[in-house]
$ cat data34.cif   # mmCIF, C-alpha atoms
data_entry
loop_
_atom_site.label_atom_id
_atom_site.label_comp_id
_atom_site.auth_asym_id
_atom_site.auth_seq_id
_atom_site.Cartn_x
_atom_site.Cartn_y
_atom_site.Cartn_z
CA MET A 1 0.00 0.00 0.00
CA VAL A 2 1.39 3.39 -1.01
CA LYS A 3 0.56 6.12 1.47
CA LYS A 4 -0.09 9.53 0.02
CA SER A 5 0.27 12.71 2.03
CA THR A 6 -3.34 13.55 1.19
CA ASP A 7 -4.74 10.30 2.60
CA THR A 8 -7.00 10.79 5.62
CA LEU A 9 -6.70 8.64 8.72
CA TRP A 10 -9.88 6.85 7.64
CA GLU A 11 -8.51 6.04 4.18
CA LEU A 12 -5.29 4.63 5.58
CA ALA A 13 -7.12 2.52 8.15
CA ALA A 14 -9.66 1.23 5.64
CA ALA A 15 -6.92 0.36 3.17
CA GLU A 16 -5.04 -1.56 5.85
CA VAL A 17 -8.09 -3.66 6.69
CA GLN A 18 -8.74 -4.29 2.99
CA ASN A 19 -5.15 -5.48 2.51
CA ARG A 20 -5.59 -7.98 5.32
CA GLU A 21 -8.65 -9.41 3.54
CA ASN A 22 -7.02 -9.66 0.09
CA ASP A 23 -5.23 -12.97 0.70
CA ALA A 24 -8.48 -14.60 1.79
CA GLU A 25 -10.25 -13.27 -1.28
CA GLU A 26 -7.70 -14.84 -3.61
CA GLY A 27 -8.71 -18.31 -2.46
CA HIS A 28 -12.46 -17.74 -2.56
CA GLY A 29 -13.25 -16.52 -6.03
CA ARG A 30 -12.93 -12.85 -5.12
CA GLU A 31 -15.99 -12.87 -2.88
CA ALA A 32 -16.98 -9.42 -1.67
CA VAL A 33 -16.41 -8.53 1.96
CA CYS A 34 -19.33 -6.62 3.50
CA GLU A 35 -17.93 -3.55 5.23
CA ARG A 36 -19.79 -1.06 7.40
CA THR A 37 -18.73 1.98 9.41
CA VAL A 38 -20.01 2.85 12.88
CA PHE A 39 -19.17 6.24 14.40
CA LEU A 40 -19.58 6.69 18.17
CA MET A 41 -19.81 10.09 19.82
CA GLY A 42 -21.44 11.46 22.93
CA SER A 43 -21.03 12.64 26.51
CA LYS A 44 -17.52 13.09 27.86
CA ALA A 45 -16.70 10.17 30.17
CA GLY A 46 -20.10 8.73 29.29
CA GLY A 47 -18.88 5.16 28.89
CA LYS A 48 -18.48 5.03 25.09
CA THR A 49 -15.24 3.02 25.15
CA SER A 50 -16.58 0.51 27.66
CA ILE A 51 -19.74 0.00 25.61
CA LEU A 52 -17.78 -0.38 22.37
CA LEU A 53 -15.36 -2.93 23.81
CA ARG A 54 -18.27 -4.99 25.16
CA CYS A 55 -20.08 -4.82 21.81
CA LEU A 56 -16.93 -5.98 20.01
CA GLU A 57 -16.46 -8.66 22.71
CA ARG A 58 -12.99 -7.50 23.58
CA ASP A 59 -11.65 -8.22 27.04
CA GLU A 60 -9.66 -5.02 27.43
CA THR A 61 -9.40 -2.37 30.12
CA PRO A 62 -11.06 0.83 28.86
CA LYS A 63 -8.80 3.87 28.54
CA PRO A 64 -9.86 7.50 28.12
CA THR A 65 -10.30 8.46 24.47
CA LEU A 66 -8.07 11.49 23.96
CA ALA A 67 -9.29 12.56 20.53
CA LEU A 68 -10.46 10.15 17.84
CA GLU A 69 -9.74 6.43 17.88
CA TYR A 70 -10.19 3.78 15.22
CA THR A 71 -10.60 0.04 15.52
CA PHE A 72 -12.39 -2.68 13.60
CA GLY A 73 -14.36 -5.80 14.25
CA ARG A 74 -15.04 -8.97 12.26
CA ARG A 75 -17.86 -11.45 12.21
CA SER A 76 -18.49 -14.61 10.20
CA SER A 77 -20.91 -13.96 7.38
CA ALA A 78 -23.95 -16.14 6.77
CA HIS A 79 -23.66 -15.57 3.01
CA SER A 80 -19.91 -15.81 2.46
CA THR A 81 -16.85 -17.75 3.55
CA LEU A 82 -15.24 -14.40 4.35
CA LYS A 83 -15.86 -12.35 7.48
CA ASP A 84 -17.85 -9.13 7.50
CA VAL A 85 -15.93 -6.10 8.72
CA THR A 86 -17.05 -3.09 10.74
CA HIS A 87 -14.88 0.00 10.95
CA THR A 88 -15.52 1.76 14.25
CA TRP A 89 -14.55 5.28 15.21
CA GLU A 90 -14.92 6.84 18.64
CA LEU A 91 -14.83 10.58 19.28
CA GLY A 92 -13.52 11.60 22.69
CA GLY A 93 -13.87 14.86 24.59
CA GLY A 94 -17.63 15.20 24.42
CA THR A 95 -18.46 18.26 22.30
CA SER A 96 -15.02 19.89 22.55
CA LEU A 97 -13.56 17.94 19.61
CA SER A 98 -16.56 17.99 17.29
CA ASP A 99 -14.38 19.37 14.47
CA LEU A 100 -12.82 15.90 14.18
CA ILE A 101 -16.12 14.51 12.94
CA GLN A 102 -14.96 15.24 9.40
CA ILE A 103 -12.31 12.48 9.61
CA PRO A 104 -14.56 9.38 9.83
CA ILE A 105 -17.39 10.83 7.72
CA THR A 106 -16.01 10.78 4.18
CA PRO A 107 -17.16 9.82 0.67
CA LEU A 108 -15.52 6.44 1.26
CA SER A 109 -17.51 5.67 4.43
CA ILE A 110 -20.81 7.41 3.74
CA ARG A 111 -22.49 4.53 1.87
CA SER A 112 -22.39 2.23 4.89
CA LEU A 113 -22.24 4.72 7.76
CA SER A 114 -24.22 4.54 11.00
CA VAL A 115 -23.97 6.87 13.99
CA VAL A 116 -24.21 5.98 17.68
CA LEU A 117 -24.86 8.82 20.14
CA VAL A 118 -24.07 7.90 23.77
CA LEU A 119 -25.69 10.21 26.34
CA ASP A 120 -24.82 10.00 30.04
CA LEU A 121 -28.14 9.64 31.87
CA SER A 122 -26.50 10.51 35.19
CA MET A 123 -25.63 14.02 33.90
CA PRO A 124 -28.99 15.33 32.66
CA ASN A 125 -28.02 19.00 32.75
CA ASP A 126 -25.49 18.37 29.95
CA LEU A 127 -27.66 16.00 27.94
CA TRP A 128 -29.52 18.35 25.59
CA GLU A 129 -26.51 20.52 24.78
CA THR A 130 -24.37 17.44 24.03
CA MET A 131 -27.05 15.92 21.82
CA GLU A 132 -27.74 19.13 19.96
CA LYS A 133 -24.15 20.07 19.16
CA LEU A 134 -22.93 16.61 18.18
CA LEU A 135 -25.92 15.71 16.00
CA HIS A 136 -25.78 19.09 14.29
CA SER A 137 -22.04 18.72 13.58
CA ALA A 138 -22.45 15.16 12.31
CA GLN A 139 -25.46 16.00 10.15
CA SER A 140 -23.70 18.99 8.61
CA GLN A 141 -20.69 16.86 7.69
CA ILE A 142 -22.85 14.05 6.33
CA GLU A 143 -24.82 16.43 4.13
CA LYS A 144 -21.58 18.04 2.92
CA VAL A 145 -20.10 14.65 2.03
CA PHE A 146 -23.31 13.52 0.31
CA SER A 147 -23.18 16.63 -1.87
CA GLN A 148 -19.51 16.09 -2.74
CA ALA A 149 -20.01 12.40 -3.44
CA GLN A 150 -23.03 12.99 -5.67
CA LYS A 151 -21.11 15.53 -7.75
CA ALA A 152 -18.16 13.16 -8.10
CA GLN A 153 -20.50 10.29 -8.97
CA LYS A 154 -22.13 12.26 -11.78
CA TYR A 155 -18.72 13.18 -13.18
CA GLU A 156 -17.44 9.59 -13.06
CA ALA A 157 -20.64 8.19 -14.54
CA GLY A 158 -20.46 10.69 -17.38
CA ALA A 159 -16.81 9.92 -18.06
CA LYS A 160 -17.50 6.16 -18.21
CA GLN A 161 -20.82 6.66 -20.03
CA GLN A 162 -22.59 4.34 -17.65
CA LYS A 163 -25.06 4.63 -14.83
CA ALA A 164 -23.68 4.50 -11.28
CA ALA A 165 -25.64 3.31 -8.28
CA PRO A 166 -27.42 6.39 -6.88
CA LEU A 167 -26.06 7.88 -3.67
CA ALA A 168 -28.75 9.37 -1.47
CA ALA A 169 -29.60 10.02 2.14
CA ARG A 170 -31.72 7.55 4.05
CA VAL A 171 -35.34 7.20 2.92
CA LEU A 172 -38.04 5.94 5.30
CA PRO A 173 -40.85 3.56 4.35
CA LYS A 174 -44.14 5.22 3.44
CA ASP A 175 -45.86 3.67 6.46
CA TYR A 176 -43.25 4.94 8.97
CA PRO A 177 -45.10 6.48 11.96
CA ASP A 178 -45.47 10.29 11.73
CA ARG A 179 -43.39 10.25 8.54
CA GLU A 180 -44.50 13.76 7.55
CA LEU A 181 -43.83 15.23 11.00
CA ILE A 182 -40.30 14.03 11.71
CA SER A 183 -36.84 14.95 10.42
CA PRO A 184 -34.92 11.68 9.91
CA PHE A 185 -31.21 11.71 10.54
CA PRO A 186 -29.55 11.17 7.12
CA VAL A 187 -27.97 7.84 8.17
CA PRO A 188 -29.11 5.18 10.68
CA LEU A 189 -28.86 6.53 14.22
CA LEU A 190 -28.80 4.75 17.58
CA ILE A 191 -29.13 6.73 20.82
CA ILE A 192 -27.75 4.98 23.90
CA GLY A 193 -28.56 6.28 27.37
CA SER A 194 -25.61 5.12 29.45
CA LYS A 195 -25.10 4.67 33.21
CA TYR A 196 -28.64 3.48 33.82
CA ASP A 197 -27.46 2.08 37.16
CA LEU A 198 -27.09 5.68 38.41
CA PHE A 199 -30.11 7.02 36.56
CA GLN A 200 -32.51 4.51 38.16
CA ASP A 201 -31.92 6.15 41.55
CA PHE A 202 -33.34 9.48 40.35
CA ASP A 203 -36.77 10.64 41.45
CA SER A 204 -39.50 9.13 39.25
CA ASP A 205 -40.63 12.55 37.98
CA ARG A 206 -37.09 13.40 36.87
CA ARG A 207 -36.70 10.03 35.18
CA LYS A 208 -39.96 10.61 33.35
CA VAL A 209 -38.81 13.98 31.98
CA ILE A 210 -35.55 12.49 30.68
CA SER A 211 -37.16 9.34 29.30
CA LYS A 212 -39.99 11.10 27.46
CA THR A 213 -37.59 13.71 26.07
CA LEU A 214 -35.26 11.05 24.70
CA ARG A 215 -38.22 9.17 23.23
CA PHE A 216 -39.26 12.36 21.44
CA LEU A 217 -35.73 12.99 20.13
CA ALA A 218 -35.28 9.40 18.98
CA HIS A 219 -38.60 9.37 17.14
CA TYR A 220 -38.02 12.82 15.65
CA TYR A 221 -34.71 11.66 14.15
CA ALA A 222 -36.07 8.19 13.26
CA ALA A 223 -33.50 6.66 15.60
CA SER A 224 -33.45 3.62 17.86
CA LEU A 225 -33.13 4.19 21.60
CA ILE A 226 -31.85 1.99 24.41
CA PHE A 227 -30.88 2.61 28.04
CA THR A 228 -27.98 0.52 29.28
CA SER A 229 -25.35 -0.01 31.94
CA ILE A 230 -22.08 -1.89 31.71
CA LYS A 231 -22.94 -3.30 35.14
CA SER A 232 -25.97 -5.13 33.73
CA GLU A 233 -25.34 -8.20 31.56
CA SER A 234 -28.98 -8.24 30.48
CA LEU A 235 -28.94 -4.63 29.26
CA MET A 236 -25.55 -5.03 27.60
CA SER A 237 -26.79 -8.12 25.78
CA LYS A 238 -29.64 -6.07 24.31
CA THR A 239 -27.26 -3.20 23.52
CA LYS A 240 -24.99 -5.60 21.62
CA ARG A 241 -27.94 -6.57 19.43
CA PHE A 242 -28.59 -2.95 18.49
CA PHE A 243 -24.88 -2.41 17.79
CA ALA A 244 -24.59 -5.63 15.75
CA HIS A 245 -27.57 -4.50 13.68
CA LEU A 246 -25.63 -1.40 12.61
CA ALA A 247 -22.20 -3.02 12.43
CA PHE A 248 -23.07 -6.31 10.73
CA GLY A 249 -26.70 -6.07 9.62
CA LEU A 250 -27.96 -8.62 12.15
CA ASP A 251 -31.50 -8.74 13.49
CA VAL A 252 -32.08 -6.32 16.34
CA GLY A 253 -34.35 -8.67 18.25
CA LYS A 254 -37.87 -8.24 19.58
CA SER A 255 -37.18 -6.72 23.02
CA VAL A 256 -39.17 -3.53 23.61
CA SER A 257 -39.88 -1.27 26.60
CA PHE A 258 -41.67 2.09 26.68
CA ASP A 259 -42.08 2.29 30.47
CA SER A 260 -40.16 5.24 31.98
CA GLY A 261 -39.84 3.22 35.16
CA LYS A 262 -37.74 0.65 33.30
CA PRO A 263 -34.83 0.81 30.82
CA LEU A 264 -36.16 2.05 27.48
CA ILE A 265 -35.68 -0.29 24.51
CA ILE A 266 -37.24 1.15 21.36
CA SER A 267 -36.38 0.24 17.77
CA ALA A 268 -36.67 2.92 15.11
CA GLY A 269 -40.22 3.04 13.76
CA SER A 270 -41.90 1.41 16.75
CA ASP A 271 -42.81 4.64 18.60
CA SER A 272 -45.12 7.53 17.73
CA PHE A 273 -45.86 11.06 18.91
CA SER A 274 -49.32 9.99 20.06
CA GLU A 275 -47.76 7.33 22.31
CA ILE A 276 -45.09 9.72 23.61
CA GLY A 277 -47.60 12.44 24.45
CA ALA A 278 -47.00 16.07 25.40
CA PRO A 279 -43.89 17.29 27.23
CA PRO A 280 -44.16 16.48 30.96
CA MET A 281 -44.73 19.99 32.36
CA THR A 282 -47.33 20.39 35.10
CA HIS A 283 -46.57 23.77 36.66
CA VAL A 284 -46.10 25.93 33.56
CA ASP A 285 -48.47 26.86 30.76
CA ILE A 286 -46.85 25.41 27.64
CA ALA A 287 -48.29 28.24 25.53
CA SER A 288 -46.31 30.75 27.60
CA LEU A 289 -43.04 29.25 26.41
CA ASN A 290 -43.49 30.76 22.92
CA ALA A 291 -41.88 27.74 21.26
CA LYS A 292 -41.13 28.05 17.53
CA ASN A 293 -41.68 24.36 16.78
CA PRO A 294 -42.04 21.00 18.58
CA MET A 295 -38.26 20.59 18.98
CA ASP A 296 -37.99 24.05 20.55
CA LEU A 297 -40.91 23.27 22.86
CA TRP A 298 -39.32 20.07 24.16
CA LYS A 299 -36.00 21.85 24.62
CA LYS A 300 -37.55 24.66 26.66
CA VAL A 301 -39.52 22.24 28.80
CA TYR A 302 -36.48 20.03 29.38
CA GLU A 303 -34.21 22.94 30.27
CA ARG A 304 -36.79 24.24 32.73
CA VAL A 305 -36.08 21.11 34.73
CA PHE A 306 -32.44 20.51 33.79
CA PRO A 307 -30.94 23.85 32.71
CA SER A 308 -27.80 23.69 30.61
CA LYS A 309 -24.60 25.60 31.35
CA VAL A 310 -25.79 28.30 28.95
CA ALA A 311 -29.00 28.79 30.93
CA ALA A 312 -27.01 28.93 34.17
CA GLN A 313 -24.69 31.57 32.69
CA LEU A 314 -27.69 33.66 31.65
CA TYR A 315 -28.85 33.60 35.24
CA ILE A 316 -25.43 34.63 36.54
CA SER A 317 -25.26 37.51 34.04
CA GLY A 318 -28.64 38.78 35.22
CA ASN A 319 -30.48 38.14 31.95
CA VAL A 320 -33.07 35.89 33.58
CA LYS A 321 -35.09 36.02 36.75
CA GLU A 322 -33.74 34.24 39.78
CA PRO A 323 -34.95 30.64 39.64
CA LYS A 324 -36.20 28.52 42.45
CA CYS A 325 -34.01 25.47 42.66
CA SER A 326 -33.64 22.31 44.65
CA GLU A 327 -31.13 19.50 44.84
CA TYR A 328 -31.89 15.90 44.06
CA SER A 329 -29.20 13.20 43.91
CA GLY A 330 -26.57 15.79 43.08
CA VAL A 331 -28.60 17.23 40.18
CA THR A 332 -29.55 20.90 40.29
CA VAL A 333 -33.19 21.27 39.33
CA PHE A 334 -34.62 24.67 38.39
CA THR A 335 -38.39 24.84 38.57
CA GLU A 336 -39.14 28.48 37.76
CA LEU A 337 -36.42 29.54 35.33
CA GLN A 338 -37.63 32.25 32.93
#
$ encode --input "data34.cif" --output "structure tokens"
Amino acid sequence: MVKKSTDTLWELAAAEVQNRENDAEEGHGREAVCERTVFLMGSKAGGKTSILLRCLERDETPKPTLALEYTFGRRSSAHSTLKDVTHTWELGGGTSLSDLIQIPITPLSIRSLSVVLVLDLSMPNDLWETMEKLLHSAQSQIEKVFSQAQKAQKYEAGAKQQKAAPLAARVLPKDYPDRELISPFPVPLLIIGSKYDLFQDFDSDRRKVISKTLRFLAHYYAASLIFTSIKSESLMSKTKRFFAHLAFGLDVGKSVSFDSGKPLIISAGSDSFSEIGAPPMTHVDIASLNAKNPMDLWKKVYERVFPSKVAAQLYISGNVKEPKCSEYSGVTVFTELQ
């Protein structure tokens, strides 16, 4: 393999894996290896590495991810004598290194890309801001790459005078629940709520706010959602199924749970806005929030209960009225923030 100075880290890593498969291909009639890419991002110190190692069945001690790390996994294929390959990338640093998202999301990876967003359930005040910034950064890069790839595809197809397989963002089935009301993420998305072992000790009302909000977000983006803990073999077993579905195309299983008093397990397309209901706000008139759209409404309701750092800074600067707050399990809860 000749390394060019313009090669990205992804291209070098992908080429290395392909080289390792070439010898096997020579003896099996040049069978195609099915390759997929899974990109993990999420809360800082939210357990991404631990979850990834368990999903890849690697008995290794997790280490802090300093920036962006690459690894790969293999699994025997049911349709080939070769093994399927998943390229996995993990972004460290929470939202602070979101600029690195451009490295794993490239024209080479976009055809088989899935995204996993890991949100730390034990840190609810950071949850919305982390979700919002990372999904926005990833979506912007995906859309940019789609545009570049489509232009290149048209040029190549014209030069060869043949039709190329169309490259397009994800399209949902016509019978997908609330299809006209949601904004699907452009590639398959899995949202993992981590550290459920700590989250389950929260007050039931607080758990309900977080659970319903994440159900709304997952359905809005046409994503799957699962709550997990590396301390629970049962939950990790279910999490592995969701990961294997993205990484190797395996069946996700039939486990499902919508109860906010239990770990949520919801496959994309199995929820609906009518089942989720309205934002859980009992002491404030929703109309008074002046929300621009449903997403803005859920954000304002959520941050009434779990204000982000930005909301806290607004209070310190004197731009909002003094809120009434209380402490529960180490989580600051603002009940009258305006």
$ residues_around --input "data34.cif" --residues "Ser137 in chain A" --least-positions-apart "5" --cutoff "9 Å" --atoms "all atoms listed in the file" --output "list in words"
Ser98, Asp99, Ile101, Gln102, Glu132 and Ile142 of chain A
$ write_last_selection --input "data34.cif" --atoms "C-alpha atoms" --output "compact mmCIF listing (two decimals), in the coordinates of the input"
# COMPACT_ATOMS: atom_id res chain seq x y z
CA SER A 98 -16.56 17.99 17.29
CA ASP A 99 -14.38 19.37 14.47
CA ILE A 101 -16.12 14.51 12.94
CA GLN A 102 -14.96 15.24 9.40
CA GLU A 132 -27.74 19.13 19.96
CA ILE A 142 -22.85 14.05 6.33
$ residues_around --input "data34.cif" --residues "Ser274 in chain A" --least-positions-apart "3" --cutoff "12 Å" --atoms "all atoms listed in the file" --output "MDAnalysis selection string"
chainID A and resid 177:178 181 212 215:216 219 270:271 277:279
$ residues_around --input "data34.cif" --residues "Asp84 in chain A" --least-positions-apart "3" --cutoff "8 Å" --atoms "all atoms listed in the file" --output "PyMOL selection string"
chain A and resi 33-35+74-77+248
$ resolve_selection --input "data34.cif" --expression "the PyMOL selection byres ((chain A and resi 130) around 9)" --output "number ranges by chain"
A: 42-44, 94-95, 119, 126-129, 131-135
$ residues_near_point --input "data34.cif" --point "(-37.7, 11.3, 9.1)" --cutoff "6 Å" --atoms "all atoms listed in the file" --output "JSON, numbers by chain"
{"A": [179, 182, 183, 184, 221, 222]}
$ atom_distance --input "data34.cif" --atom1 "CA of Ile230 in chain A" --atom2 "CA of Pro188 in chain A"
23.3 Å
$ residues_around --input "data34.cif" --residues "range 112-115 of chain A" --least-positions-apart "5" --cutoff "8 Å" --atoms "all atoms listed in the file" --output "count of residues only"
14
$ resolve_selection --input "data34.cif" --expression "the PyMOL selection byres ((chain A and resi 146) around 12)" --output "list in words"
Ile105, Thr106, Pro107, Leu108, Ser109, Ile110, Arg111, Leu113, Gln139, Ser140, Gln141, Ile142, Glu143, Lys144, Val145, Ser147, Gln148, Ala149, Gln150, Lys151, Ala152, Gln153, Pro166, Leu167, Ala168, Ala169, Arg170, Pro186 and Val187 of chain A
$ residues_around --input "data34.cif" --residues "Glu69 in chain A" --least-positions-apart "5" --cutoff "10 Å" --atoms "all atoms listed in the file" --output "PyMOL selection string"
chain A and resi 9+40+49+88-92+104
$ atom_distance --input "data34.cif" --atom1 "CA of Leu235 in chain A" --atom2 "CA of Glu275 in chain A"
23.4 Å
$ resolve_selection --input "data34.cif" --expression "the PyMOL selection byres ((chain A and resi 257) around 12)" --output "JSON, numbers by chain"
{"A": [211, 215, 224, 225, 226, 227, 235, 238, 254, 255, 256, 258, 259, 260, 261, 262, 263, 264, 265, 266, 267, 270, 271]}
$ build_atoms --input "data34.cif" --residues "range 224-256 of chain A" --atoms "N, CA and C atoms" --output "PDB file, in the coordinates of the input"
ATOM      1  N   SER A 224     -33.165   4.606  16.815  1.00  0.00           N
ATOM      2  CA  SER A 224     -33.450   3.620  17.860  1.00  0.00           C
ATOM      3  C   SER A 224     -32.939   4.182  19.185  1.00  0.00           C
ATOM      4  N   LEU A 225     -33.490   3.685  20.274  1.00  0.00           N
ATOM      5  CA  LEU A 225     -33.130   4.190  21.600  1.00  0.00           C
ATOM      6  C   LEU A 225     -33.050   3.037  22.590  1.00  0.00           C
ATOM      7  N   ILE A 226     -31.977   3.009  23.365  1.00  0.00           N
ATOM      8  CA  ILE A 226     -31.850   1.990  24.410  1.00  0.00           C
ATOM      9  C   ILE A 226     -31.097   2.568  25.606  1.00  0.00           C
ATOM     10  N   PHE A 227     -31.572   2.251  26.803  1.00  0.00           N
ATOM     11  CA  PHE A 227     -30.880   2.610  28.040  1.00  0.00           C
ATOM     12  C   PHE A 227     -30.051   1.403  28.471  1.00  0.00           C
ATOM     13  N   THR A 228     -28.838   1.648  28.924  1.00  0.00           N
ATOM     14  CA  THR A 228     -27.980   0.520  29.280  1.00  0.00           C
ATOM     15  C   THR A 228     -27.038   0.855  30.423  1.00  0.00           C
ATOM     16  N   SER A 229     -26.366  -0.155  30.902  1.00  0.00           N
ATOM     17  CA  SER A 229     -25.350  -0.010  31.940  1.00  0.00           C
ATOM     18  C   SER A 229     -24.358  -1.153  31.770  1.00  0.00           C
ATOM     19  N   ILE A 230     -23.077  -0.833  31.840  1.00  0.00           N
ATOM     20  CA  ILE A 230     -22.080  -1.890  31.710  1.00  0.00           C
ATOM     21  C   ILE A 230     -22.082  -2.818  32.916  1.00  0.00           C
ATOM     22  N   LYS A 231     -22.831  -2.461  33.946  1.00  0.00           N
ATOM     23  CA  LYS A 231     -22.940  -3.300  35.140  1.00  0.00           C
ATOM     24  C   LYS A 231     -24.097  -4.296  35.029  1.00  0.00           C
ATOM     25  N   SER A 232     -24.840  -4.223  33.932  1.00  0.00           N
ATOM     26  CA  SER A 232     -25.970  -5.130  33.730  1.00  0.00           C
ATOM     27  C   SER A 232     -25.727  -5.988  32.496  1.00  0.00           C
ATOM     28  N   GLU A 233     -25.554  -7.298  32.692  1.00  0.00           N
ATOM     29  CA  GLU A 233     -25.340  -8.200  31.560  1.00  0.00           C
ATOM     30  C   GLU A 233     -26.561  -8.257  30.654  1.00  0.00           C
ATOM     31  N   SER A 234     -27.745  -8.196  31.262  1.00  0.00           N
ATOM     32  CA  SER A 234     -28.980  -8.240  30.480  1.00  0.00           C
ATOM     33  C   SER A 234     -29.093  -7.040  29.545  1.00  0.00           C
ATOM     34  N   LEU A 235     -28.855  -5.833  30.085  1.00  0.00           N
ATOM     35  CA  LEU A 235     -28.940  -4.630  29.260  1.00  0.00           C
ATOM     36  C   LEU A 235     -27.847  -4.589  28.210  1.00  0.00           C
ATOM     37  N   MET A 236     -26.648  -5.037  28.573  1.00  0.00           N
ATOM     38  CA  MET A 236     -25.550  -5.030  27.600  1.00  0.00           C
ATOM     39  C   MET A 236     -25.808  -6.031  26.489  1.00  0.00           C
ATOM     40  N   SER A 237     -26.445  -7.138  26.804  1.00  0.00           N
ATOM     41  CA  SER A 237     -26.790  -8.120  25.780  1.00  0.00           C
ATOM     42  C   SER A 237     -27.725  -7.505  24.750  1.00  0.00           C
ATOM     43  N   LYS A 238     -28.705  -6.739  25.218  1.00  0.00           N
ATOM     44  CA  LYS A 238     -29.640  -6.070  24.310  1.00  0.00           C
ATOM     45  C   LYS A 238     -28.936  -4.959  23.528  1.00  0.00           C
ATOM     46  N   THR A 239     -28.018  -4.260  24.189  1.00  0.00           N
ATOM     47  CA  THR A 239     -27.260  -3.200  23.520  1.00  0.00           C
ATOM     48  C   THR A 239     -26.401  -3.774  22.403  1.00  0.00           C
ATOM     49  N   LYS A 240     -25.814  -4.938  22.648  1.00  0.00           N
ATOM     50  CA  LYS A 240     -24.990  -5.600  21.620  1.00  0.00           C
ATOM     51  C   LYS A 240     -25.815  -5.905  20.378  1.00  0.00           C
ATOM     52  N   ARG A 241     -27.081  -6.268  20.581  1.00  0.00           N
ATOM     53  CA  ARG A 241     -27.940  -6.570  19.430  1.00  0.00           C
ATOM     54  C   ARG A 241     -28.151  -5.320  18.571  1.00  0.00           C
ATOM     55  N   PHE A 242     -28.395  -4.196  19.230  1.00  0.00           N
ATOM     56  CA  PHE A 242     -28.590  -2.950  18.490  1.00  0.00           C
ATOM     57  C   PHE A 242     -27.300  -2.568  17.756  1.00  0.00           C
ATOM     58  N   PHE A 243     -26.160  -2.739  18.425  1.00  0.00           N
ATOM     59  CA  PHE A 243     -24.880  -2.410  17.790  1.00  0.00           C
ATOM     60  C   PHE A 243     -24.612  -3.347  16.612  1.00  0.00           C
ATOM     61  N   ALA A 244     -24.846  -4.641  16.810  1.00  0.00           N
ATOM     62  CA  ALA A 244     -24.590  -5.630  15.750  1.00  0.00           C
ATOM     63  C   ALA A 244     -25.496  -5.385  14.540  1.00  0.00           C
ATOM     64  N   HIS A 245     -26.669  -4.833  14.779  1.00  0.00           N
ATOM     65  CA  HIS A 245     -27.570  -4.500  13.680  1.00  0.00           C
ATOM     66  C   HIS A 245     -26.927  -3.446  12.772  1.00  0.00           C
ATOM     67  N   LEU A 246     -26.296  -2.446  13.382  1.00  0.00           N
ATOM     68  CA  LEU A 246     -25.630  -1.400  12.610  1.00  0.00           C
ATOM     69  C   LEU A 246     -24.304  -1.873  12.028  1.00  0.00           C
ATOM     70  N   ALA A 247     -23.556  -2.623  12.824  1.00  0.00           N
ATOM     71  CA  ALA A 247     -22.200  -3.020  12.430  1.00  0.00           C
ATOM     72  C   ALA A 247     -22.159  -4.169  11.441  1.00  0.00           C
ATOM     73  N   PHE A 248     -23.117  -5.111  11.563  1.00  0.00           N
ATOM     74  CA  PHE A 248     -23.070  -6.310  10.730  1.00  0.00           C
ATOM     75  C   PHE A 248     -24.392  -6.639  10.048  1.00  0.00           C
ATOM     76  N   GLY A 249     -25.415  -5.820  10.268  1.00  0.00           N
ATOM     77  CA  GLY A 249     -26.700  -6.070   9.620  1.00  0.00           C
ATOM     78  C   GLY A 249     -27.508  -7.182  10.236  1.00  0.00           C
ATOM     79  N   LEU A 250     -27.229  -7.534  11.495  1.00  0.00           N
ATOM     80  CA  LEU A 250     -27.960  -8.620  12.150  1.00  0.00           C
ATOM     81  C   LEU A 250     -29.311  -8.137  12.665  1.00  0.00           C
ATOM     82  N   ASP A 251     -30.179  -9.076  12.980  1.00  0.00           N
ATOM     83  CA  ASP A 251     -31.500  -8.740  13.490  1.00  0.00           C
ATOM     84  C   ASP A 251     -31.390  -8.109  14.864  1.00  0.00           C
ATOM     85  N   VAL A 252     -32.169  -7.056  15.089  1.00  0.00           N
ATOM     86  CA  VAL A 252     -32.080  -6.320  16.340  1.00  0.00           C
ATOM     87  C   VAL A 252     -32.805  -7.006  17.496  1.00  0.00           C
ATOM     88  N   GLY A 253     -33.614  -7.988  17.196  1.00  0.00           N
ATOM     89  CA  GLY A 253     -34.350  -8.670  18.250  1.00  0.00           C
ATOM     90  C   GLY A 253     -35.722  -8.066  18.482  1.00  0.00           C
ATOM     91  N   LYS A 254     -36.494  -8.679  19.362  1.00  0.00           N
ATOM     92  CA  LYS A 254     -37.870  -8.240  19.580  1.00  0.00           C
ATOM     93  C   LYS A 254     -38.081  -7.568  20.936  1.00  0.00           C
ATOM     94  N   SER A 255     -37.034  -7.365  21.715  1.00  0.00           N
ATOM     95  CA  SER A 255     -37.180  -6.720  23.020  1.00  0.00           C
ATOM     96  C   SER A 255     -37.674  -5.289  22.848  1.00  0.00           C
ATOM     97  N   VAL A 256     -38.635  -4.888  23.678  1.00  0.00           N
ATOM     98  CA  VAL A 256     -39.170  -3.530  23.610  1.00  0.00           C
ATOM     99  C   VAL A 256     -39.639  -3.104  24.994  1.00  0.00           C
TER     100      VAL A 256
END
